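Listing of data_3.tsv, TSV, C-alpha atoms
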chain	number	residue	atom	x	y	z
A	1	MET	CA	124.93	111.16	122.95
A	2	ARG	CA	121.42	110.91	124.38
A	3	ASP	CA	121.17	110.10	128.09
A	4	PRO	CA	119.70	106.63	128.75
A	5	LEU	CA	115.91	106.77	128.82
A	6	PRO	CA	113.91	105.15	131.61
A	7	PRO	CA	112.38	101.76	130.76
A	8	LEU	CA	109.07	102.14	128.93
A	9	PRO	CA	107.13	99.81	131.30
A	10	CYS	CA	108.21	101.99	134.22
A	11	LEU	CA	107.01	105.15	132.47
A	12	GLU	CA	103.72	103.43	131.60
A	13	ALA	CA	103.18	102.49	135.25
A	14	PHE	CA	104.00	106.04	136.36
A	15	GLU	CA	101.56	107.63	133.91
A	16	ALA	CA	98.71	105.29	134.84
A	17	ALA	CA	99.26	105.65	138.60
A	18	ALA	CA	99.50	109.44	138.33
A	19	ARG	CA	96.33	109.66	136.26
A	20	LEU	CA	94.33	107.30	138.47
A	21	GLU	CA	95.98	108.39	141.76
A	22	SER	CA	96.26	104.75	142.79
A	23	PHE	CA	98.76	101.95	142.29
A	24	ALA	CA	95.94	99.41	142.56
A	25	SER	CA	93.83	101.11	139.86
A	26	ALA	CA	96.88	101.39	137.63
A	27	ALA	CA	97.52	97.67	138.14
A	28	ASP	CA	93.95	96.84	137.07
A	29	GLU	CA	94.28	98.97	133.92
A	30	LEU	CA	97.65	97.50	132.97
A	31	HIS	CA	96.68	93.93	133.92
A	32	LEU	CA	99.48	93.76	136.48
A	33	SER	CA	99.65	93.18	140.21
A	34	PRO	CA	99.86	96.23	142.52
A	35	ALA	CA	103.25	94.95	143.69
A	36	THR	CA	104.56	94.97	140.09
A	37	VAL	CA	103.33	98.54	139.53
A	38	SER	CA	104.95	99.64	142.78
A	39	GLN	CA	108.19	97.91	141.81
A	40	ARG	CA	108.27	99.59	138.38
A	41	ILE	CA	107.69	103.02	139.85
A	42	ARG	CA	110.50	102.46	142.38
A	43	MET	CA	112.77	101.44	139.51
A	44	LEU	CA	111.84	104.68	137.72
A	45	GLU	CA	112.53	106.74	140.83
A	46	THR	CA	115.90	105.01	141.24
A	47	HIS	CA	116.72	105.70	137.60
A	48	LEU	CA	115.80	109.38	137.95
A	49	GLY	CA	117.25	109.77	141.43
A	50	ALA	CA	114.09	111.46	142.71
A	51	ARG	CA	110.80	110.57	144.37
A	52	LEU	CA	107.76	110.93	142.14
A	53	PHE	CA	105.01	109.94	144.59
A	54	GLU	CA	104.12	110.51	148.20
A	55	ARG	CA	102.82	107.18	149.54
A	56	LEU	CA	99.82	107.82	151.78
A	57	ALA	CA	97.71	105.36	153.75
A	58	ARG	CA	94.93	104.96	151.15
A	59	SER	CA	96.26	106.79	148.09
A	60	VAL	CA	99.30	108.27	146.43
A	61	GLN	CA	100.04	111.83	145.43
A	62	LEU	CA	102.57	113.21	143.02
A	63	THR	CA	105.51	115.10	144.39
A	64	GLU	CA	106.38	118.46	142.89
A	65	LEU	CA	108.90	116.77	140.56
A	66	GLY	CA	106.31	114.14	139.68
A	67	ARG	CA	103.77	116.82	138.69
A	68	ALA	CA	106.40	118.55	136.57
A	69	TYR	CA	107.41	115.30	134.87
A	70	LEU	CA	103.88	114.02	134.11
A	71	PRO	CA	102.91	116.39	131.20
A	72	ALA	CA	106.02	115.46	129.21
A	73	ILE	CA	105.33	111.74	129.68
A	74	ARG	CA	101.68	112.10	128.64
A	75	GLU	CA	102.63	114.14	125.59
A	76	SER	CA	105.24	111.57	124.60
A	77	PHE	CA	102.72	108.72	124.89
A	78	ASP	CA	100.18	110.72	122.86
A	79	ASP	CA	102.73	111.45	120.13
A	80	LEU	CA	103.73	107.80	120.03
A	81	ALA	CA	100.11	106.69	119.73
A	82	VAL	CA	99.40	109.15	116.91
A	83	ALA	CA	102.54	108.18	115.00
A	84	THR	CA	101.83	104.47	115.40
A	85	SER	CA	98.22	104.84	114.30
A	86	GLY	CA	99.12	107.08	111.38
A	87	LEU	CA	101.84	104.84	110.02
A	88	PHE	CA	100.65	101.39	110.97
A	89	GLY	CA	97.00	101.68	111.96
A	90	ALA	CA	95.80	101.53	108.34
A	91	ALA	CA	97.56	98.21	107.92
A	92	ARG	CA	95.02	96.68	110.26
A	93	ARG	CA	92.27	97.82	107.90
A	94	GLU	CA	91.61	96.28	104.53
A	95	GLN	CA	93.04	98.22	101.59
A	96	LEU	CA	91.93	98.08	97.98
A	97	THR	CA	93.62	99.69	94.98
A	98	VAL	CA	91.50	100.14	91.86
A	99	ARG	CA	93.11	101.30	88.61
A	100	THR	CA	90.96	102.67	85.83
A	101	GLN	CA	90.75	105.47	83.27
A	102	VAL	CA	90.23	109.07	84.31
A	103	SER	CA	86.78	109.34	82.69
A	104	TYR	CA	85.49	106.16	84.33
A	105	ALA	CA	86.74	107.26	87.75
A	106	THR	CA	85.42	110.81	87.38
A	107	THR	CA	82.03	110.32	85.77
A	108	TRP	CA	80.99	106.82	86.85
A	109	LEU	CA	82.70	105.98	90.14
A	110	ALA	CA	83.06	109.37	91.79
A	111	PRO	CA	79.32	110.23	91.96
A	112	HIS	CA	78.58	106.89	93.66
A	113	ILE	CA	81.72	105.99	95.60
A	114	HIS	CA	80.32	107.33	98.89
A	115	ASP	CA	77.74	104.53	98.72
A	116	PHE	CA	80.52	101.95	98.70
A	117	GLN	CA	82.27	103.67	101.60
A	118	ARG	CA	79.08	103.68	103.67
A	119	ALA	CA	78.47	100.01	102.91
A	120	HIS	CA	82.08	98.97	103.62
A	121	PRO	CA	83.62	101.40	106.14
A	122	GLY	CA	86.44	98.96	106.93
A	123	ILE	CA	87.93	99.16	103.43
A	124	ASP	CA	90.34	101.96	102.54
A	125	LEU	CA	89.81	102.54	98.83
A	126	ARG	CA	92.47	104.03	96.54
A	127	LEU	CA	91.58	104.99	92.98
A	128	VAL	CA	94.52	105.50	90.62
A	129	CYS	CA	94.56	106.53	86.98
A	130	ALA	CA	97.21	106.52	84.29
A	131	VAL	CA	99.15	109.46	85.70
A	132	TRP	CA	100.14	107.49	88.82
A	133	SER	CA	99.72	103.88	87.73
A	134	GLU	CA	103.32	103.40	86.63
A	135	ALA	CA	104.50	104.27	90.14
A	136	LEU	CA	102.68	101.28	91.64
A	137	THR	CA	104.68	98.21	92.55
A	138	PRO	CA	103.80	94.92	90.82
A	139	GLY	CA	100.82	93.25	92.42
A	140	GLU	CA	99.66	96.43	94.17
A	141	VAL	CA	96.54	96.79	91.98
A	142	GLU	CA	93.74	94.45	93.04
A	143	ILE	CA	91.23	95.66	90.41
A	144	ASP	CA	92.27	96.87	86.96
A	145	ILE	CA	89.44	98.22	84.79
A	146	HIS	CA	90.17	98.97	81.15
A	147	GLN	CA	88.05	100.23	78.27
A	148	GLY	CA	88.70	98.84	74.83
A	149	ARG	CA	87.81	96.13	72.36
A	150	GLY	CA	89.59	93.23	74.06
A	151	PRO	CA	90.76	90.62	74.51
A	152	TRP	CA	94.34	91.49	75.42
A	153	ALA	CA	97.36	89.25	75.22
A	154	GLY	CA	98.88	88.07	78.48
A	155	VAL	CA	95.88	88.80	80.71
A	156	ASN	CA	92.46	87.43	81.48
A	157	SER	CA	89.72	89.88	80.51
A	158	GLU	CA	86.23	89.70	82.01
A	159	LEU	CA	83.46	91.88	80.60
A	160	LEU	CA	82.12	94.38	83.15
A	161	HIS	CA	79.98	96.76	81.09
A	162	HIS	CA	78.73	96.98	77.55
A	163	ASP	CA	78.88	100.61	76.47
A	164	HIS	CA	76.49	102.61	74.32
A	165	ALA	CA	77.16	106.10	73.01
A	166	VAL	CA	75.05	109.23	73.20
A	167	VAL	CA	75.48	112.63	71.57
A	168	ILE	CA	75.49	115.49	74.07
A	169	HIS	CA	75.78	119.27	73.92
A	170	GLY	CA	75.66	122.21	76.28
A	171	PRO	CA	73.20	125.13	76.51
A	172	ALA	CA	75.31	127.29	74.19
A	173	HIS	CA	74.81	124.84	71.35
A	174	ILE	CA	71.04	125.31	71.27
A	175	ASP	CA	71.41	129.07	71.64
A	176	ARG	CA	73.68	129.22	68.59
A	177	HIS	CA	72.49	126.36	66.36
A	178	GLY	CA	69.02	125.48	67.57
A	179	PRO	CA	67.81	122.06	68.75
A	180	VAL	CA	68.92	118.87	67.05
A	181	THR	CA	65.86	117.29	65.44
A	182	SER	CA	67.49	114.43	63.52
A	183	VAL	CA	70.77	112.67	62.88
A	184	ALA	CA	71.09	114.68	59.69
A	185	ASP	CA	71.32	117.88	61.76
A	186	LEU	CA	74.48	116.62	63.42
A	187	ALA	CA	76.37	116.57	60.12
A	188	THR	CA	76.66	120.36	60.09
A	189	ARG	CA	77.20	120.94	63.81
A	190	PRO	CA	80.59	121.56	65.45
A	191	ARG	CA	81.76	118.50	67.31
A	192	VAL	CA	84.30	117.08	69.70
A	193	GLN	CA	85.97	113.78	68.87
A	194	VAL	CA	87.38	111.45	71.51
A	195	LEU	CA	90.37	109.42	70.43
A	196	GLY	CA	89.32	105.81	70.08
A	197	PHE	CA	85.65	106.69	69.56
A	198	ASP	CA	86.00	108.13	66.04
A	199	ASP	CA	84.14	105.15	64.61
A	200	VAL	CA	80.99	106.12	66.51
A	201	TRP	CA	80.70	109.44	64.69
A	202	GLN	CA	81.21	107.60	61.42
A	203	ARG	CA	78.35	105.24	62.16
A	204	ILE	CA	76.03	107.99	63.43
A	205	LEU	CA	76.40	110.38	60.52
A	206	PRO	CA	75.23	109.77	56.96
A	207	GLU	CA	77.93	108.55	54.60
A	208	GLU	CA	77.65	111.73	52.54
A	209	ALA	CA	78.19	113.98	55.58
A	210	PRO	CA	80.99	116.49	55.01
A	211	PRO	CA	83.99	116.46	57.36
A	212	PRO	CA	83.57	118.80	60.34
A	213	GLU	CA	85.06	122.26	60.28
A	214	HIS	CA	87.66	122.83	63.01
A	215	PRO	CA	86.91	119.68	65.04
A	216	ILE	CA	88.34	119.40	68.53
A	217	THR	CA	90.01	116.09	69.38
A	218	VAL	CA	90.60	115.05	72.99
A	219	ASP	CA	91.85	111.87	74.62
A	220	THR	CA	89.28	111.49	77.42
A	221	SER	CA	85.50	111.51	77.61
A	222	VAL	CA	85.61	113.77	80.64
A	223	ALA	CA	87.41	116.42	78.54
A	224	ALA	CA	84.75	116.07	75.82
A	225	LEU	CA	82.00	116.50	78.43
A	226	GLU	CA	83.56	119.66	79.82
A	227	ILE	CA	84.14	121.17	76.38
A	228	ALA	CA	80.56	120.45	75.36
A	229	ALA	CA	79.20	121.89	78.60
A	230	ALA	CA	81.21	125.09	78.28
A	231	GLY	CA	81.00	125.62	74.51
A	232	ASP	CA	78.76	125.02	71.51
A	233	ALA	CA	80.07	121.69	70.20
A	234	CYS	CA	78.43	118.27	70.30
A	235	ALA	CA	80.34	115.27	71.65
A	236	VAL	CA	79.93	111.51	71.58
A	237	VAL	CA	80.56	109.83	74.94
A	238	PRO	CA	79.53	106.59	76.64
A	239	GLU	CA	76.02	107.03	78.00
A	240	ARG	CA	77.00	106.08	81.56
A	241	PHE	CA	79.61	108.86	81.57
A	242	ALA	CA	76.94	111.46	80.73
A	243	ARG	CA	74.33	110.53	83.35
A	244	THR	CA	75.44	112.75	86.21
A	245	ALA	CA	76.04	115.84	84.07
A	246	VAL	CA	72.73	115.46	82.20
A	247	ARG	CA	70.74	115.03	85.40
A	248	ALA	CA	72.50	118.05	86.89
A	249	GLY	CA	71.46	120.14	83.86
A	250	ARG	CA	75.02	120.89	82.75
A	251	ILE	CA	74.53	119.18	79.37
A	252	SER	CA	71.66	117.70	77.37
A	253	LEU	CA	71.16	114.77	75.05
A	254	ALA	CA	71.12	115.95	71.46
A	255	LEU	CA	68.86	113.03	70.56
A	256	GLU	CA	66.98	110.52	72.70
A	257	GLN	CA	68.95	107.71	71.14
A	258	THR	CA	71.96	105.49	71.78
A	259	TRP	CA	74.43	103.76	69.48
A	260	PRO	CA	76.34	100.56	70.29
A	261	MET	CA	80.05	101.00	70.89
A	262	ARG	CA	82.75	98.56	69.90
A	263	GLN	CA	84.57	99.43	73.10
A	264	ALA	CA	83.50	98.00	76.46
A	265	HIS	CA	84.81	97.96	80.01
A	266	TYR	CA	86.72	94.89	81.14
A	267	LEU	CA	88.26	93.64	84.34
A	268	LEU	CA	91.87	92.68	83.56
A	269	ARG	CA	93.79	90.16	85.66
A	270	PRO	CA	97.17	88.46	85.14
A	271	LEU	CA	96.97	84.95	83.78
A	272	ASN	CA	98.52	83.47	86.93
A	273	ALA	CA	96.69	85.74	89.41
A	274	SER	CA	95.18	84.33	92.59
A	275	PRO	CA	91.42	84.72	93.13
A	276	PRO	CA	90.39	88.26	94.11
A	277	VAL	CA	90.80	89.11	97.79
A	278	GLN	CA	87.72	89.83	99.88
A	279	PRO	CA	87.76	93.65	99.47
A	280	ALA	CA	88.05	93.23	95.69
A	281	ARG	CA	85.13	90.80	95.62
A	282	LEU	CA	83.01	93.25	97.62
A	283	PHE	CA	83.92	96.11	95.29
A	284	LEU	CA	83.11	94.12	92.16
A	285	ARG	CA	79.79	93.02	93.64
A	286	TRP	CA	78.99	96.66	94.46
A	287	LEU	CA	80.03	97.70	90.94
A	288	ARG	CA	77.69	95.17	89.34
A	289	ASP	CA	74.88	96.18	91.68
A	290	LEU	CA	75.47	99.81	90.66
A	291	GLU	CA	75.08	98.75	87.04
A	292	GLN	CA	71.70	97.21	87.84
A	293	ARG	CA	70.25	100.00	89.95
A	294	SER	CA	71.55	103.01	87.98
A	295	GLU	CA	68.90	104.05	85.46
A	296	ALA	CA	70.07	104.85	81.96
A	297	LEU	CA	69.21	108.16	80.34
A	298	VAL	CA	67.60	106.35	77.41
A	299	PRO	CA	67.15	102.63	76.71
A	300	ALA	CA	70.13	101.10	74.97
A	301	VAL	CA	69.57	100.03	71.37
A	302	GLU	CA	71.73	97.26	69.92
Any chance you could give the structure as structure tokens?
Amino acid sequence: MRDPLPPLPCLEAFEAAARLESFASAADELHLSPATVSQRIRMLETHLGARLFERLARSVQLTELGRAYLPAIRESFDDLAVATSGLFGAARREQLTVRTQVSYATTWLAPHIHDFQRAHPGIDLRLVCAVWSEALTPGEVEIDIHQGRGPWAGVNSELLHHDHAVVIHGPAHIDRHGPVTSVADLATRPRVQVLGFDDVWQRILPEEAPPPEHPITVDTSVAALEIAAAGDACAVVPERFARTAVRAGRISLALEQTWPMRQAHYLLRPLNASPPVQPARLFLRWLRDLEQRSEALVPAVE
């Protein structure tokens, strides 16, 4: 069984008086009277059965036992402060959980998220995608962004972004097949298909286009981008998802053209949800501002 610990206020008075070498200065720091500090230190000495200070005319000095005891007290206070801040300090900040698809988080939010952090340093942002979303407790997601055709049953859906598709390829595609000069060229080129976006290829290519040989099908736009960048296939992805990679020179637009997509990005909220909290409102305002100030690779064509 652990021996009884000294009262925490007594230890606090001891640490402050030892550090400041004055009961009066310790009293000022702790917002106590000098008599109260002196009383608490005497209580501590009685508890320990040893003197911790030499009382001099104008100051106090630690005894040998006091000097030996002080480092352990300071370390304990430091550990307590770190543990408290680590576990509970974040609760005093505003937290925001945003759930969205992997491609949206990776290609659209990630390149710009530092701007939001600089503008709102008091908000701790957490981005979660499908792999972790089921582990969240109900009501933990303040912003839920979903790509699809909408609307969805049981939720309110608010349009965030219209999406337009572009065809992209990597350097190896031009080396092997030459530049794409027209839509007709795409009919004979290897391509990557993203599940859910198959209709875009159908609308881009001529009706008489033969089916592709050995097509690659993936379930995310980010996978299609990486395959196109590393190989020789073309891919159809939302234009906003391609901006960073095109401007970095990792991929290129096959044609300076866009095609409307039936899918769009929506903000989903439960039917009975309360209005968005302040951090969510700030994030959505930043997201819409990003939409306005981020220049498209090519003008969208309806």
> What is the distance, in Å and to one decimal place, between atom CA of A:Phe116 and atom CA of A:Gln278?
Replying inline: 14.1 Å
> Which is closer to A:Leu5 than all the others in A:Ile73, A:Gln61, A:Ser33, A:Arg118, using all atoms listed in the file?
Replying inline: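 Checking each candidate against A:Leu5, we get A:Ile73 as the closest.
Between atom CA of A:Gln39 and atom CA of A:Cys10 the interatomic distance comes to 8.6 Å.
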> Could you pull the residues within 9 Å of A:Pro6, counting only C-alpha atoms, minus those fewer than 6 positions along the same chain, as a PyMOL selection string?
Replying inline: chain A and resi 43-44+47-48
Listing only residues of stretch 37-132 of chain A within 10 Å of stretch 219-241 of chain A, what is the closest atom pair and its distance in Å (to one decimal) for each, using all atoms listed in the file, sorted by chain and residue number ascending, as CSV?
residue,atom,partner,partner_atom,distance
A:Gln101,CA,A:Thr220,CA,8.5
A:Val102,CA,A:Thr220,CA,7.4
A:Ser103,CA,A:Val222,CA,5.0
A:Tyr104,CA,A:Phe241,CA,7.0
A:Ala105,CA,A:Phe241,CA,9.6
A:Thr106,CA,A:Val222,CA,7.4
A:Thr107,CA,A:Phe241,CA,5.1
A:Trp108,CA,A:Phe241,CA,5.8
A:Leu109,CA,A:Phe241,CA,9.6
Would you save the residues of that selection, restricted to C-alpha atoms, as an mmCIF file, in the coordinates of the input?
data_model
loop_
_atom_site.group_PDB
_atom_site.id
_atom_site.type_symbol
_atom_site.label_atom_id
_atom_site.label_comp_id
_atom_site.auth_asym_id
_atom_site.auth_seq_id
_atom_site.Cartn_x
_atom_site.Cartn_y
_atom_site.Cartn_z
ATOM 1 C CA GLN A 101 90.750 105.470 83.270
ATOM 2 C CA VAL A 102 90.230 109.070 84.310
ATOM 3 C CA SER A 103 86.780 109.340 82.690
ATOM 4 C CA TYR A 104 85.490 106.160 84.330
ATOM 5 C CA ALA A 105 86.740 107.260 87.750
ATOM 6 C CA THR A 106 85.420 110.810 87.380
ATOM 7 C CA THR A 107 82.030 110.320 85.770
ATOM 8 C CA TRP A 108 80.990 106.820 86.850
ATOM 9 C CA LEU A 109 82.700 105.980 90.140
#
> So what do you get for atom CA of A:Leu267 versus atom CA of A:Asn156, distance-wise?
Replying inline: 8.0 Å
Take the point (88.4, 104.5, 93.5) in the file's coordinates, draw a sphere of radius 9 Å around it, and report as a short mmCIF file (atom, residue, chain, number, x, y, z; two decimals) with C-alpha atoms, in the coordinates of the input every protein, DNA or RNA residue with an atom inside or on it, counting only C-alpha atoms.
data_model
loop_
_atom_site.label_atom_id
_atom_site.label_comp_id
_atom_site.auth_asym_id
_atom_site.auth_seq_id
_atom_site.Cartn_x
_atom_site.Cartn_y
_atom_site.Cartn_z
CA LEU A 96 91.93 98.08 97.98
CA THR A 97 93.62 99.69 94.98
CA VAL A 98 91.50 100.14 91.86
CA ARG A 99 93.11 101.30 88.61
CA THR A 100 90.96 102.67 85.83
CA ALA A 105 86.74 107.26 87.75
CA LEU A 109 82.70 105.98 90.14
CA ALA A 110 83.06 109.37 91.79
CA ILE A 113 81.72 105.99 95.60
CA LEU A 125 89.81 102.54 98.83
CA ARG A 126 92.47 104.03 96.54
CA LEU A 127 91.58 104.99 92.98
CA VAL A 128 94.52 105.50 90.62
#
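Residues in contact with A:Ser38 at up to 10 Å, not including ones fewer than 2 positions away on its chain and judged by only C-alpha atoms, are A:Cys10, A:Ala13, A:Phe14, A:Ala17, A:Phe23, A:Ala24, A:Ala26, A:Ala27, A:Ser33, A:Pro34, A:Ala35, A:Thr36, A:Arg40, A:Ile41, A:Arg42, A:Met43, A:Leu44.
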Identify, on the basis of all atoms listed in the file, every residue whose closest approach to A:Ala165 does not exceed 12 Å; exclude the query and any residue fewer than 4 positions from it along the same chain; express the result as a PDB file with C-alpha atoms, in the coordinates of the input.
ATOM      1  CA  VAL A 194      87.380 111.450  71.510  1.00  0.00           C
ATOM      2  CA  PHE A 197      85.650 106.690  69.560  1.00  0.00           C
ATOM      3  CA  ASP A 198      86.000 108.130  66.040  1.00  0.00           C
ATOM      4  CA  ASP A 199      84.140 105.150  64.610  1.00  0.00           C
ATOM      5  CA  VAL A 200      80.990 106.120  66.510  1.00  0.00           C
ATOM      6  CA  TRP A 201      80.700 109.440  64.690  1.00  0.00           C
ATOM      7  CA  ARG A 203      78.350 105.240  62.160  1.00  0.00           C
ATOM      8  CA  ILE A 204      76.030 107.990  63.430  1.00  0.00           C
ATOM      9  CA  SER A 221      85.500 111.510  77.610  1.00  0.00           C
ATOM     10  CA  ALA A 235      80.340 115.270  71.650  1.00  0.00           C
ATOM     11  CA  VAL A 236      79.930 111.510  71.580  1.00  0.00           C
ATOM     12  CA  VAL A 237      80.560 109.830  74.940  1.00  0.00           C
ATOM     13  CA  PRO A 238      79.530 106.590  76.640  1.00  0.00           C
ATOM     14  CA  GLU A 239      76.020 107.030  78.000  1.00  0.00           C
ATOM     15  CA  ARG A 240      77.000 106.080  81.560  1.00  0.00           C
ATOM     16  CA  PHE A 241      79.610 108.860  81.570  1.00  0.00           C
ATOM     17  CA  ALA A 242      76.940 111.460  80.730  1.00  0.00           C
ATOM     18  CA  ARG A 243      74.330 110.530  83.350  1.00  0.00           C
ATOM     19  CA  LEU A 253      71.160 114.770  75.050  1.00  0.00           C
ATOM     20  CA  ALA A 254      71.120 115.950  71.460  1.00  0.00           C
ATOM     21  CA  LEU A 255      68.860 113.030  70.560  1.00  0.00           C
ATOM     22  CA  GLU A 256      66.980 110.520  72.700  1.00  0.00           C
ATOM     23  CA  GLN A 257      68.950 107.710  71.140  1.00  0.00           C
ATOM     24  CA  THR A 258      71.960 105.490  71.780  1.00  0.00           C
ATOM     25  CA  TRP A 259      74.430 103.760  69.480  1.00  0.00           C
ATOM     26  CA  PRO A 260      76.340 100.560  70.290  1.00  0.00           C
ATOM     27  CA  MET A 261      80.050 101.000  70.890  1.00  0.00           C
ATOM     28  CA  ARG A 262      82.750  98.560  69.900  1.00  0.00           C
ATOM     29  CA  GLN A 263      84.570  99.430  73.100  1.00  0.00           C
ATOM     30  CA  ALA A 264      83.500  98.000  76.460  1.00  0.00           C
ATOM     31  CA  ALA A 296      70.070 104.850  81.960  1.00  0.00           C
ATOM     32  CA  LEU A 297      69.210 108.160  80.340  1.00  0.00           C
ATOM     33  CA  VAL A 298      67.600 106.350  77.410  1.00  0.00           C
ATOM     34  CA  PRO A 299      67.150 102.630  76.710  1.00  0.00           C
ATOM     35  CA  ALA A 300      70.130 101.100  74.970  1.00  0.00           C
ATOM     36  CA  VAL A 301      69.570 100.030  71.370  1.00  0.00           C
ATOM     37  CA  GLU A 302      71.730  97.260  69.920  1.00  0.00           C
TER      38      GLU A 302
END
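For the set A:Pro215, A:Pro270, A:Gly178, A:Pro71, the residue with the smallest atom-to-atom gap to A:Trp152 is A:Pro270, counting all atoms listed in the file.
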Where is the centre and how long are the edges: axis-aligned box on stretch 63-79 of chain A, 6 Å on each side, Å to one decimal, as JSON:
{"center_x": 104.5, "center_y": 113.6, "center_z": 132.3, "size_x": 20.7, "size_y": 21.8, "size_z": 36.3}
